[in-house]
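Shown here: upload.txt, compact mmCIF, C-alpha atoms and all ligand atoms.
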```txt
# COMPACT_ATOMS: atom_id res chain seq x y z
CA MET Q 165 91.18 57.77 35.29
CA LEU Q 166 87.82 56.21 34.61
CA PRO Q 167 86.95 52.73 35.84
CA PRO Q 168 85.03 49.93 34.09
CA PRO Q 169 81.20 50.09 34.09
CA ARG Q 170 79.13 49.54 37.22
CA PRO Q 171 75.40 48.82 37.49
CA ALA Q 172 73.27 51.91 36.77
CA PRO Q 173 71.80 53.67 39.83
CA SER Q 174 68.11 53.02 40.61
CA ALA Q 175 65.47 55.12 38.86
CA SER Q 176 64.73 57.01 42.09
CA ALA Q 177 68.36 58.25 42.38
CA HIS Q 178 69.03 61.98 42.00
CA PRO Q 179 70.45 62.80 38.53
CA ASP Q 180 73.58 64.27 40.18
CA ASP Q 181 74.26 61.11 42.24
CA ALA Q 182 76.28 59.64 39.38
CA ILE Q 183 78.39 62.82 39.10
CA ARG Q 184 79.00 62.85 42.84
CA SER Q 185 80.03 59.18 42.75
CA THR Q 186 82.97 60.07 40.49
CA ASP Q 187 84.78 61.26 43.61
CA ASP Q 188 84.80 57.62 44.68
CA ASP Q 189 86.65 56.74 41.45
CA ALA Q 190 89.25 59.48 41.92
CA ALA Q 191 89.82 58.70 45.60
CA ALA Q 192 89.96 54.93 45.04
CA SER Q 193 92.57 55.47 42.31
CA ARG Q 194 94.63 57.62 44.68
CA LEU Q 195 94.35 55.00 47.43
CA SER Q 196 95.47 52.29 45.02
CA ALA Q 197 98.45 54.35 43.79
CA VAL Q 198 99.48 55.11 47.38
CA SER Q 199 99.10 51.55 48.64
CA LEU Q 200 101.28 50.23 45.79
CA GLY Q 201 104.02 52.85 46.30
CA TYR Q 202 103.40 55.07 43.23
CA LEU Q 203 102.56 58.07 45.45
CA ASP Q 204 103.43 59.10 48.97
CA ASP Q 205 100.29 60.55 50.59
CA PRO Q 206 99.54 59.77 54.25
CA PHE Q 207 96.25 61.70 54.09
CA VAL Q 208 94.35 59.59 51.53
CA SER Q 209 93.09 57.02 54.03
CA LEU Q 210 92.03 59.79 56.46
CA LEU Q 211 89.76 61.41 53.87
CA TYR Q 212 88.48 58.39 52.00
CA ARG Q 213 87.10 54.98 53.08
CA PRO Q 214 86.41 52.53 50.24
CA GLN Q 215 82.76 51.47 50.19
CA ARG Q 216 83.40 47.87 49.18
CA ILE Q 217 86.12 46.33 51.30
CA GLY Q 218 87.18 42.86 50.18
CA ARG Q 219 88.98 40.17 52.08
CA ASP Q 220 92.49 41.37 51.28
CA SER Q 221 94.26 44.62 50.49
CA SER Q 222 94.54 43.70 46.78
CA SER Q 223 90.80 44.47 46.44
CA THR Q 224 91.70 48.18 46.67
CA HIS Q 225 94.25 47.88 43.87
CA LYS Q 226 93.50 49.29 40.42
CA PRO Q 227 95.11 48.01 37.18
CA PRO Q 228 98.66 49.29 36.39
CA LEU Q 229 97.40 51.61 33.62
CA ILE Q 230 95.23 53.49 36.13
CA ASN Q 231 98.00 53.62 38.75
CA ILE Q 232 100.48 55.04 36.23
CA GLY Q 233 97.90 57.59 35.05
CA THR Q 234 97.19 58.65 38.63
CA HIS Q 235 100.93 59.03 39.25
CA HIS Q 236 101.54 61.15 36.13
CA ARG Q 237 98.48 63.32 36.72
CA THR Q 238 99.60 63.99 40.31
CA ALA Q 239 103.16 64.76 39.15
CA ALA Q 240 101.85 67.28 36.58
CA LEU Q 241 99.47 69.01 39.01
CA ASP Q 242 102.25 69.14 41.63
CA ALA Q 243 104.54 70.78 39.03
CA VAL Q 244 101.86 73.40 38.25
CA VAL Q 245 101.28 74.15 41.95
CA ASP Q 246 105.04 74.42 42.61
CA SER Q 247 105.46 76.75 39.66
CA PHE Q 248 102.58 78.93 40.91
CA LEU Q 249 104.01 79.01 44.45
CA SER Q 250 107.47 80.04 43.30
CA ALA Q 251 106.10 82.70 40.89
CA SER Q 252 103.98 84.18 43.70
CA ALA Q 253 106.64 83.95 46.45
CA THR Q 254 107.64 87.60 46.08
CA ALA Q 255 104.06 88.97 45.88
CA SER Q 256 103.01 91.40 48.60
CA ARG Q 257 100.02 89.18 49.58
CA PRO Q 258 100.26 85.46 50.42
CA ALA Q 259 99.09 83.25 47.53
CA GLN Q 260 95.82 81.31 47.66
CA ILE Q 261 94.45 78.19 45.95
CA VAL Q 262 90.85 77.29 45.10
CA SER Q 263 90.04 73.66 44.28
CA LEU Q 264 86.75 73.19 42.37
CA GLY Q 265 84.96 69.85 42.73
CA ALA Q 266 87.64 68.92 45.26
CA GLY Q 267 85.89 65.75 46.47
CA SER Q 268 88.19 63.78 48.81
CA ASP Q 269 91.33 65.48 47.49
CA THR Q 270 94.28 65.68 49.92
CA ARG Q 271 96.37 68.41 48.28
CA PHE Q 272 95.84 71.01 51.03
CA TRP Q 273 97.23 68.63 53.67
CA ARG Q 274 100.15 67.60 51.49
CA LEU Q 275 101.05 71.29 51.05
CA ALA Q 276 100.52 72.13 54.72
CA ALA Q 277 102.96 69.34 55.69
CA ARG Q 278 105.76 71.07 53.78
CA GLN Q 279 108.43 73.13 55.56
CA ASP Q 280 107.97 75.93 53.03
CA PHE Q 281 104.14 76.15 53.42
CA ARG Q 282 103.17 79.78 53.00
CA LEU Q 283 99.68 79.90 51.50
CA GLY Q 284 97.27 82.55 52.71
CA LYS Q 285 94.22 80.37 52.13
CA TYR Q 286 93.17 77.08 50.51
CA VAL Q 287 89.48 76.88 49.55
CA GLU Q 288 87.69 73.73 48.40
CA VAL Q 289 84.18 73.50 46.95
CA ASP Q 290 81.94 70.59 45.99
CA PHE Q 291 78.31 69.50 46.24
CA PRO Q 292 76.99 69.64 49.85
CA HIS Q 293 76.67 65.81 49.96
CA LEU Q 294 80.44 65.59 49.62
CA THR Q 295 81.44 68.59 51.70
CA SER Q 296 79.40 67.36 54.69
CA VAL Q 297 81.23 64.00 54.67
CA LYS Q 298 84.59 65.74 54.24
CA ALA Q 299 83.88 68.23 57.05
CA GLN Q 300 83.06 65.31 59.37
CA ARG Q 301 86.21 63.40 58.43
CA ILE Q 302 88.37 66.47 58.99
CA ALA Q 303 86.77 67.21 62.37
CA LYS Q 304 87.34 63.61 63.52
CA SER Q 305 91.05 63.53 62.65
CA LYS Q 306 93.65 65.21 64.87
CA VAL Q 307 96.15 64.98 62.03
CA LEU Q 308 93.85 66.80 59.58
CA VAL Q 309 92.76 69.40 62.15
CA SER Q 310 96.38 70.16 63.07
CA ALA Q 311 96.94 71.63 59.56
CA LEU Q 312 94.06 74.10 59.75
CA GLY Q 313 95.93 76.87 61.59
CA GLU Q 314 95.38 78.65 64.88
CA ALA Q 315 92.11 78.99 66.78
CA PRO Q 316 90.87 82.60 66.98
CA PRO Q 317 92.11 84.27 70.21
CA ALA Q 318 89.61 84.42 73.11
CA ALA Q 319 88.02 87.85 73.65
CA ALA Q 320 89.82 89.95 76.29
CA GLY Q 321 88.22 89.49 79.71
CA ALA Q 322 86.31 86.35 78.61
CA PRO Q 323 85.79 83.79 81.40
CA MET Q 324 88.07 80.71 81.45
CA ALA Q 325 86.78 78.22 78.86
CA PRO Q 326 88.07 75.03 77.21
CA PRO Q 327 90.53 75.76 74.36
CA ALA Q 328 88.68 76.90 71.22
CA LYS Q 329 88.71 74.65 68.15
CA PRO Q 330 90.75 75.95 65.19
CA TYR Q 331 87.74 75.55 62.86
CA LYS Q 332 84.02 76.27 62.64
CA VAL Q 333 81.46 74.00 60.99
CA GLY Q 334 78.49 75.79 59.40
CA HIS Q 335 75.69 75.59 56.79
CA GLY Q 336 74.11 72.62 58.59
CA GLY Q 337 77.42 70.71 58.72
CA THR Q 338 78.27 71.21 55.02
CA SER Q 339 80.95 73.88 55.43
CA LEU Q 340 84.10 74.19 57.48
CA SER Q 341 86.20 77.31 57.90
CA SER Q 342 89.54 77.90 59.56
CA GLU Q 343 92.55 80.20 59.41
CA ARG Q 344 94.18 78.42 56.47
CA TYR Q 345 91.43 76.24 54.95
CA THR Q 346 87.78 76.68 53.94
CA LEU Q 347 85.38 74.03 52.61
CA LEU Q 348 82.16 75.26 50.96
CA PRO Q 349 79.04 73.59 49.52
CA VAL Q 350 78.72 74.99 46.01
CA ASP Q 351 77.08 73.71 42.83
CA LEU Q 352 79.31 75.26 40.19
CA ARG Q 353 76.44 75.32 37.69
CA THR Q 354 74.35 77.68 39.83
CA PRO Q 355 74.74 81.33 38.79
CA GLY Q 356 75.96 83.44 41.69
CA ALA Q 357 77.05 80.42 43.73
CA LEU Q 358 80.67 81.47 43.52
CA ASP Q 359 79.96 84.73 45.35
CA GLN Q 360 80.28 82.87 48.67
CA VAL Q 361 83.71 81.66 47.54
CA ALA Q 362 84.77 85.29 47.01
CA ALA Q 363 84.08 86.01 50.67
CA ALA Q 364 86.75 83.47 51.69
CA LEU Q 365 89.42 84.93 49.38
CA ASP Q 366 91.68 87.99 49.10
CA PRO Q 367 90.90 89.69 45.73
CA ASP Q 368 94.44 91.08 45.54
CA ALA Q 369 96.36 87.85 46.25
CA PRO Q 370 97.89 85.62 43.56
CA THR Q 371 95.23 82.94 43.01
CA LEU Q 372 95.41 79.46 41.47
CA VAL Q 373 92.14 77.74 40.51
CA ILE Q 374 92.42 73.93 40.23
CA SER Q 375 89.76 71.84 38.52
CA GLU Q 376 90.60 68.13 38.27
CA CYS Q 377 88.12 66.07 36.28
CA VAL Q 378 85.17 68.36 37.06
CA PHE Q 379 84.42 70.47 33.96
CA CYS Q 380 83.88 67.32 31.86
CA TYR Q 381 80.62 66.71 33.78
CA MET Q 382 79.34 70.27 33.18
CA GLU Q 383 77.99 71.91 30.03
CA PRO Q 384 80.81 73.93 28.38
CA GLU Q 385 78.84 77.18 28.90
CA ALA Q 386 78.78 76.54 32.67
CA SER Q 387 82.53 75.90 32.97
CA ARG Q 388 83.17 78.97 30.80
CA GLU Q 389 81.14 81.04 33.29
CA VAL Q 390 83.26 79.68 36.14
CA LEU Q 391 86.56 80.54 34.42
CA ALA Q 392 85.22 83.97 33.44
CA TRP Q 393 84.14 84.62 37.03
CA PHE Q 394 87.63 83.94 38.43
CA GLY Q 395 89.38 85.72 35.57
CA SER Q 396 87.36 88.88 36.02
CA ARG Q 397 87.47 89.07 39.83
CA PHE Q 398 91.17 88.37 40.42
CA GLU Q 399 93.88 90.49 38.87
CA ASN Q 400 96.66 87.95 39.46
CA VAL Q 401 95.08 84.62 38.58
CA ALA Q 402 95.98 81.30 36.97
CA SER Q 403 94.02 78.12 36.47
CA VAL Q 404 94.79 74.48 35.74
CA VAL Q 405 92.42 71.76 34.56
CA TYR Q 406 92.85 68.02 34.30
CA GLU Q 407 90.41 66.75 31.67
CA MET Q 408 89.77 64.25 28.91
CA CYS Q 409 90.18 64.99 25.22
CA GLY Q 410 89.77 63.34 21.82
CA LEU Q 411 86.80 61.19 22.75
CA ASN Q 412 85.52 61.03 19.17
CA ASP Q 413 87.49 57.82 18.49
CA ALA Q 414 87.05 54.12 19.34
CA PHE Q 415 88.59 54.57 22.81
CA GLY Q 416 86.17 57.43 23.49
CA ALA Q 417 83.22 55.36 22.29
CA VAL Q 418 84.01 52.63 24.83
CA MET Q 419 84.51 55.20 27.59
CA LYS Q 420 81.19 56.90 26.81
CA ARG Q 421 79.38 53.55 26.70
CA ASN Q 422 80.82 52.54 30.10
CA LEU Q 423 79.82 55.88 31.59
CA ALA Q 424 76.33 55.79 30.09
CA ALA Q 425 75.80 52.50 31.96
CA ARG Q 426 76.36 54.56 35.13
CA ASN Q 427 74.05 57.41 34.03
CA LEU Q 428 77.07 59.59 33.32
CA SER Q 429 77.82 61.70 30.28
CA LEU Q 430 80.69 64.04 29.42
CA PRO Q 431 79.15 67.18 27.88
CA GLY Q 432 82.18 69.19 28.93
CA ALA Q 433 84.77 66.88 27.33
CA LEU Q 434 83.27 66.33 23.88
CA PRO Q 435 84.01 69.85 22.50
CA PHE Q 436 87.76 69.31 23.10
CA PRO Q 437 89.31 67.04 20.43
CA THR Q 438 92.97 67.73 21.33
CA ALA Q 439 95.22 68.85 24.19
CA GLN Q 440 95.70 72.14 22.33
CA SER Q 441 91.93 72.75 22.32
CA GLN Q 442 91.93 72.41 26.13
CA ALA Q 443 94.67 75.09 26.25
CA GLU Q 444 92.62 77.34 23.98
CA ARG Q 445 89.60 77.27 26.29
CA PHE Q 446 91.47 79.81 28.47
CA LEU Q 447 91.86 82.24 25.55
CA ASP Q 448 88.22 81.94 24.37
CA PRO Q 449 86.99 85.52 23.65
CA ARG Q 450 83.64 84.56 25.24
CA LEU Q 451 85.44 84.57 28.65
CA GLY Q 452 85.90 88.33 28.35
CA ASP Q 453 88.74 90.59 27.36
CA GLY Q 454 92.19 89.57 28.64
CA VAL Q 455 90.76 87.28 31.32
CA PHE Q 456 93.64 84.87 30.69
CA THR Q 457 96.51 85.92 28.45
CA LYS Q 458 98.64 82.77 28.07
CA SER Q 459 97.91 79.07 28.13
CA GLY Q 460 99.39 75.66 27.45
CA ALA Q 461 98.58 71.96 27.68
CA LYS Q 462 100.13 68.50 27.55
CA SER Q 463 98.60 65.06 27.39
CA LEU Q 464 99.51 62.64 30.15
CA TRP Q 465 101.50 60.74 27.52
CA SER Q 466 103.69 63.83 26.88
CA ILE Q 467 103.84 64.52 30.61
CA ARG Q 468 105.32 61.03 31.02
CA SER Q 469 108.38 61.98 28.98
CA ASP Q 470 108.57 65.74 29.66
CA VAL Q 471 107.65 66.05 33.35
CA VAL Q 472 108.21 62.69 35.08
CA SER Q 473 111.98 62.31 35.51
CA ASP Q 474 113.84 59.27 34.18
CA ALA Q 475 114.69 58.24 37.74
CA GLU Q 476 111.01 58.40 38.78
CA GLN Q 477 109.94 56.45 35.69
CA ALA Q 478 112.56 53.79 36.50
CA ARG Q 479 111.32 53.62 40.10
CA ILE Q 480 107.63 53.18 39.26
CA SER Q 481 108.37 50.73 36.44
CA LYS Q 482 109.55 48.28 39.12
CA LEU Q 483 106.29 48.45 41.11
CA GLU Q 484 104.10 46.43 38.74
CA PHE Q 485 104.57 44.53 35.50
CA LEU Q 486 103.26 46.38 32.43
CA ASP Q 487 103.84 44.89 28.99
CA GLU Q 488 101.28 46.90 27.01
CA ILE Q 489 103.07 50.18 26.31
CA GLU Q 490 100.83 50.85 23.26
CA GLU Q 491 97.74 50.55 25.45
CA LEU Q 492 99.35 52.90 27.98
CA ARG Q 493 100.03 55.41 25.19
CA LEU Q 494 96.41 55.16 24.02
CA VAL Q 495 94.96 55.75 27.49
CA LEU Q 496 97.37 58.52 28.53
CA SER Q 497 96.86 60.36 25.21
CA HIS Q 498 93.19 60.91 26.12
CA TYR Q 499 93.91 62.84 29.34
CA VAL Q 500 95.33 66.32 29.46
CA VAL Q 501 96.58 68.92 31.91
CA ALA Q 502 95.92 72.44 30.59
CA TRP Q 503 96.63 75.81 32.18
CA GLY Q 504 95.85 79.46 31.63
CA THR Q 505 97.31 82.52 33.30
CA LYS Q 506 96.95 86.26 33.43
CA GLY Q 507 100.33 87.99 33.70
CA SER Q 508 103.36 85.87 34.47
CA LEU Q 509 101.96 83.30 36.93
CA LEU Q 510 102.71 79.79 35.57
CA GLU Q 511 104.96 81.14 32.80
CA GLY Q 512 107.77 78.83 33.88
CA VAL Q 513 105.59 75.75 34.32
CA GLY Q 514 107.12 73.72 31.48
CA LEU Q 515 103.80 72.15 30.41
C1 LIG A 601 86.17 62.89 39.35
S1 LIG A 601 85.80 63.71 40.86
C2 LIG A 601 87.35 64.52 41.14
C3 LIG A 601 87.56 64.90 42.59
C4 LIG A 601 88.87 65.66 42.83
N1 LIG A 601 88.95 66.86 42.03
C5 LIG A 601 90.04 64.78 42.53
O1 LIG A 601 90.69 64.98 41.51
O2 LIG A 601 90.31 63.88 43.31
C6 LIG A 601 84.75 65.06 40.34
C7 LIG A 601 84.28 65.91 41.49
O3 LIG A 601 83.65 67.08 40.96
C8 LIG A 601 82.49 67.33 41.71
N2 LIG A 601 81.57 68.10 40.86
C9 LIG A 601 81.12 67.76 39.62
N3 LIG A 601 80.25 68.69 39.18
C10 LIG A 601 80.16 69.64 40.15
C11 LIG A 601 79.41 70.84 40.29
N4 LIG A 601 78.57 71.23 39.34
N5 LIG A 601 79.55 71.57 41.41
C12 LIG A 601 80.40 71.16 42.39
N6 LIG A 601 81.13 70.02 42.32
C13 LIG A 601 81.01 69.27 41.21
C14 LIG A 601 81.95 65.95 42.05
O4 LIG A 601 81.04 65.97 43.12
C15 LIG A 601 83.25 65.21 42.37
O5 LIG A 601 83.63 65.35 43.72
```
Show the structure stored in the file as structure tokens.
Ligand SMILES: C[S@@+](CC[C@H](N)C(=O)[O-])C[C@H]1O[C@@H](n2cnc3c(N)ncnc32)[C@H](O)[C@@H]1O
Amino acid sequence: MLPPPRPAPSASAHPDDAIRSTDDDAAASRLSAVSLGYLDDPFVSLLYRPQRIGRDSSSTHKPPLINIGTHHRTAALDAVVDSFLSASATASRPAQIVSLGAGSDTRFWRLAARQDFRLGKYVEVDFPHLTSVKAQRIAKSKVLVSALGEAPPAAAGAPMAPPAKPYKVGHGGTSLSSERYTLLPVDLRTPGALDQVAAALDPDAPTLVISECVFCYMEPEASREVLAWFGSRFENVASVVYEMCGLNDAFGAVMKRNLAARNLSLPGALPFPTAQSQAERFLDPRLGDGVFTKSGAKSLWSIRSDVVSDAEQARISKLEFLDEIEELRLVLSHYVVAWGTKGSLLEGVGL
């Protein structure tokens, strides 16, 4: 969910600084939702430190509308990931997940903490500025390192040495690789940049590509290239995006004005007027023939009634007072979770 305007960055700032700073918004929203009890995620505070710490914990709290949106978005993405994992449970190769523009996301650690964790690989990519910070935070935390898998065995006959670390940091500190998890510095707009992602993946394994609030900051041609790349390289592939839609109204005008004050624009959101149009992006003939064969989408407002159970809605309704249900409907109607799949992955997702 997008925050209110902040002062524009100085003229000397890199044009991508504003895009990179959106990770701060996403992570701060997650931290707020966790600290108020909307979400249970012990890894948020290990991967994200708020830049402006006030005198009390309430300074990290976002308004209820943002907390509810963060909750529903997480519930929907969790449902997609669960559906993918159960559809790929019987595959001959262990499933893998790629998270594009992952920022400070914690999903890998939440999955690795589960009893039924069985992923072959989880790969995250983002700009090097973000991956270097994330690699450092992972390396400093025993809890985060413990999820990465086993260290490679020492070579036979090697002299006694201290135990090897279960990960390697590379690319000048901007990448981290391990048995279960790989973090790579990639600008998704650069042609050919995804080839280094391919090296970390099994081309024959069921693959889920997650993109949460990333494509909106890219030109639509660039995000189409990314989807086409995954769709053409992996036989058994599905993808899910969390995006904005319908910004051609008064709500969208305010959002665009607030973002412009931060040097941000949304070239990748404007061509999508409805949730359905986000679903149709996966079936766009310009992606290539049969790259994705089925798709679907729901706004966060529909996800509220169709995905979040009554019991969960009752639980979170007690966390904070919210009297403006019409305003909630307006905000949640402008965010959408859309998916596309080749074959039967995600067929049972219910979105
Ligand atoms: C709003 S944040 C979302 C972070 C994360 N997906 C989440 O939901 O918490 C958008 C992220 O996308 C990344 N991003 C945007 N454009 C990108 C690009 N061209 N290449 C790589 N990462 C990009 C940003 O750096 C940022 O971390």
(request) Select all residues near (85.9, 74.1, 25.5) (cut-off 7 Å, inclusive, file coordinates), counting only C-alpha atoms, and output them as a ChimeraX atom specification. (result) /Q:384,435-436,441-442,445
(request) Compute the set of protein, DNA and RNA residues whose minimum atom distance to ligand LIG 601 (chain A) is at most 7 Å, using all atoms listed in the file, and state it as a PyMOL selection string. (result) chain Q and resi 183-187+189-191+264-269+289-291+294+350-353+375-379+381-382
Could you turn the residues from that selection into a file that holds C-alpha atoms, as a PDB file, in the frame of the given file?
```
ATOM      1  CA  ILE Q 183      78.390  62.820  39.100  1.00  0.00           C
ATOM      2  CA  ARG Q 184      79.000  62.850  42.840  1.00  0.00           C
ATOM      3  CA  SER Q 185      80.030  59.180  42.750  1.00  0.00           C
ATOM      4  CA  THR Q 186      82.970  60.070  40.490  1.00  0.00           C
ATOM      5  CA  ASP Q 187      84.780  61.260  43.610  1.00  0.00           C
ATOM      6  CA  ASP Q 189      86.650  56.740  41.450  1.00  0.00           C
ATOM      7  CA  ALA Q 190      89.250  59.480  41.920  1.00  0.00           C
ATOM      8  CA  ALA Q 191      89.820  58.700  45.600  1.00  0.00           C
ATOM      9  CA  LEU Q 264      86.750  73.190  42.370  1.00  0.00           C
ATOM     10  CA  GLY Q 265      84.960  69.850  42.730  1.00  0.00           C
ATOM     11  CA  ALA Q 266      87.640  68.920  45.260  1.00  0.00           C
ATOM     12  CA  GLY Q 267      85.890  65.750  46.470  1.00  0.00           C
ATOM     13  CA  SER Q 268      88.190  63.780  48.810  1.00  0.00           C
ATOM     14  CA  ASP Q 269      91.330  65.480  47.490  1.00  0.00           C
ATOM     15  CA  VAL Q 289      84.180  73.500  46.950  1.00  0.00           C
ATOM     16  CA  ASP Q 290      81.940  70.590  45.990  1.00  0.00           C
ATOM     17  CA  PHE Q 291      78.310  69.500  46.240  1.00  0.00           C
ATOM     18  CA  LEU Q 294      80.440  65.590  49.620  1.00  0.00           C
ATOM     19  CA  VAL Q 350      78.720  74.990  46.010  1.00  0.00           C
ATOM     20  CA  ASP Q 351      77.080  73.710  42.830  1.00  0.00           C
ATOM     21  CA  LEU Q 352      79.310  75.260  40.190  1.00  0.00           C
ATOM     22  CA  ARG Q 353      76.440  75.320  37.690  1.00  0.00           C
ATOM     23  CA  SER Q 375      89.760  71.840  38.520  1.00  0.00           C
ATOM     24  CA  GLU Q 376      90.600  68.130  38.270  1.00  0.00           C
ATOM     25  CA  CYS Q 377      88.120  66.070  36.280  1.00  0.00           C
ATOM     26  CA  VAL Q 378      85.170  68.360  37.060  1.00  0.00           C
ATOM     27  CA  PHE Q 379      84.420  70.470  33.960  1.00  0.00           C
ATOM     28  CA  TYR Q 381      80.620  66.710  33.780  1.00  0.00           C
ATOM     29  CA  MET Q 382      79.340  70.270  33.180  1.00  0.00           C
TER      30      MET Q 382
END
```
(message) Can you measure atom CA of Val361 of chain Q to atom CA of Pro349 of chain Q for me? One decimal in Å is fine.
(response)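 We find that atom CA of Val361 of chain Q and atom CA of Pro349 of chain Q lie 9.5 Å from each other.
The smallest atom-to-atom distance between Pro431 of chain Q and any of Q:Pro206, Q:Met408, Q:Asp453, Q:Gln279, using all atoms listed in the file, is found for Q:Met408.
Take atom CA of Ser296 of chain Q and atom CA of Trp393 of chain Q: the distance between them is 25.1 Å.
Computed from the coordinates, the atom CA of Ala475 of chain Q to atom CA of Trp503 of chain Q distance equals 25.8 Å.
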(request) Give the answer as one residue: which of Q:Phe272, Q:Tyr202, Q:Trp465, Q:Phe446 has the shortest atom-to-atom distance to Leu347 of chain Q, using all atoms listed in the file? (result)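 Among the listed residues, Q:Phe272 lies closest to Leu347 of chain Q.
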Hey, can you pull every residue with an atom no more than 12 Å from (80.3, 54.8, 26.1), using all atoms listed in the file, and send it as an mmCIF file with C-alpha atoms, keeping the file's coordinate frame?
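In the end it all went to out16.cif:
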```
data_model
loop_
_atom_site.group_PDB
_atom_site.id
_atom_site.type_symbol
_atom_site.label_atom_id
_atom_site.label_comp_id
_atom_site.auth_asym_id
_atom_site.auth_seq_id
_atom_site.Cartn_x
_atom_site.Cartn_y
_atom_site.Cartn_z
ATOM 1 C CA LEU Q 166 87.820 56.210 34.610
ATOM 2 C CA PRO Q 167 86.950 52.730 35.840
ATOM 3 C CA PRO Q 168 85.030 49.930 34.090
ATOM 4 C CA PRO Q 169 81.200 50.090 34.090
ATOM 5 C CA LEU Q 411 86.800 61.190 22.750
ATOM 6 C CA ASN Q 412 85.520 61.030 19.170
ATOM 7 C CA ASP Q 413 87.490 57.820 18.490
ATOM 8 C CA ALA Q 414 87.050 54.120 19.340
ATOM 9 C CA PHE Q 415 88.590 54.570 22.810
ATOM 10 C CA GLY Q 416 86.170 57.430 23.490
ATOM 11 C CA ALA Q 417 83.220 55.360 22.290
ATOM 12 C CA VAL Q 418 84.010 52.630 24.830
ATOM 13 C CA MET Q 419 84.510 55.200 27.590
ATOM 14 C CA LYS Q 420 81.190 56.900 26.810
ATOM 15 C CA ARG Q 421 79.380 53.550 26.700
ATOM 16 C CA ASN Q 422 80.820 52.540 30.100
ATOM 17 C CA LEU Q 423 79.820 55.880 31.590
ATOM 18 C CA ALA Q 424 76.330 55.790 30.090
ATOM 19 C CA ALA Q 425 75.800 52.500 31.960
ATOM 20 C CA ARG Q 426 76.360 54.560 35.130
ATOM 21 C CA ASN Q 427 74.050 57.410 34.030
ATOM 22 C CA LEU Q 428 77.070 59.590 33.320
ATOM 23 C CA SER Q 429 77.820 61.700 30.280
ATOM 24 C CA LEU Q 430 80.690 64.040 29.420
#
```
(message) List as a PyMOL selection string the protein and nucleic acid residues near segment 254-257 of chain Q, meaning an atom at most 12 Å away when all atoms listed in the file are counted, but skip any in the same chain fewer than 5 places from it.
(response) chain Q and resi 248-249+282-285+365-371+400+508-509
(message) Residues near Ala443 of chain Q, anyone? I mean within 6 Å using all atoms listed in the file, not counting same-chain ones fewer than 5 positions away, as a PyMOL selection string.
(response) chain Q and resi 459-461+502
(request) Fewer than 6 positions away in the same chain doesn't count, so skip those; otherwise give me all residues within 9 Å of Lys329 of chain Q, counting only C-alpha atoms, as a PyMOL selection string. (result) chain Q and resi 309+314-316
Residues of the last selection are to be written out with C-alpha atoms, as a JSON list (two decimals), in the frame of the given file.
```json
[["chain", "number", "residue", "atom", "x", "y", "z"],
["Q", 309, "VAL", "CA", 92.76, 69.40, 62.15],
["Q", 314, "GLU", "CA", 95.38, 78.65, 64.88],
["Q", 315, "ALA", "CA", 92.11, 78.99, 66.78],
["Q", 316, "PRO", "CA", 90.87, 82.60, 66.98]]
```
(request) Write out as a PyMOL selection string each polymer residue whose atoms come within 8 Å of segment 238-244 of chain Q, counting all atoms listed in the file; drop sequence neighbours fewer than 6 positions from it. (result) chain Q and resi 404+467+471-472+501+510+513
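In terms of minimum interatomic distance to Val287 of chain Q, Q:Ala362 ranks closest within Q:Ala362, Q:Arg237, Q:Ser252, Q:Gln477, counting all atoms listed in the file.
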(message) Under the rule that all atoms listed in the file are counted, which of Q:Leu372, Q:Leu451, Q:Ala433, Q:Ser463 is the nearest residue to Ala251 of chain Q?
(response)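 Using all atoms listed in the file, Ala251 of chain Q sits closest to Q:Leu372.
The smallest atom-to-atom distance between Ala402 of chain Q and any of Q:Lys506, Q:Lys306, Q:Lys458, Q:Arg194, using only C-alpha atoms, is found for Q:Lys506.
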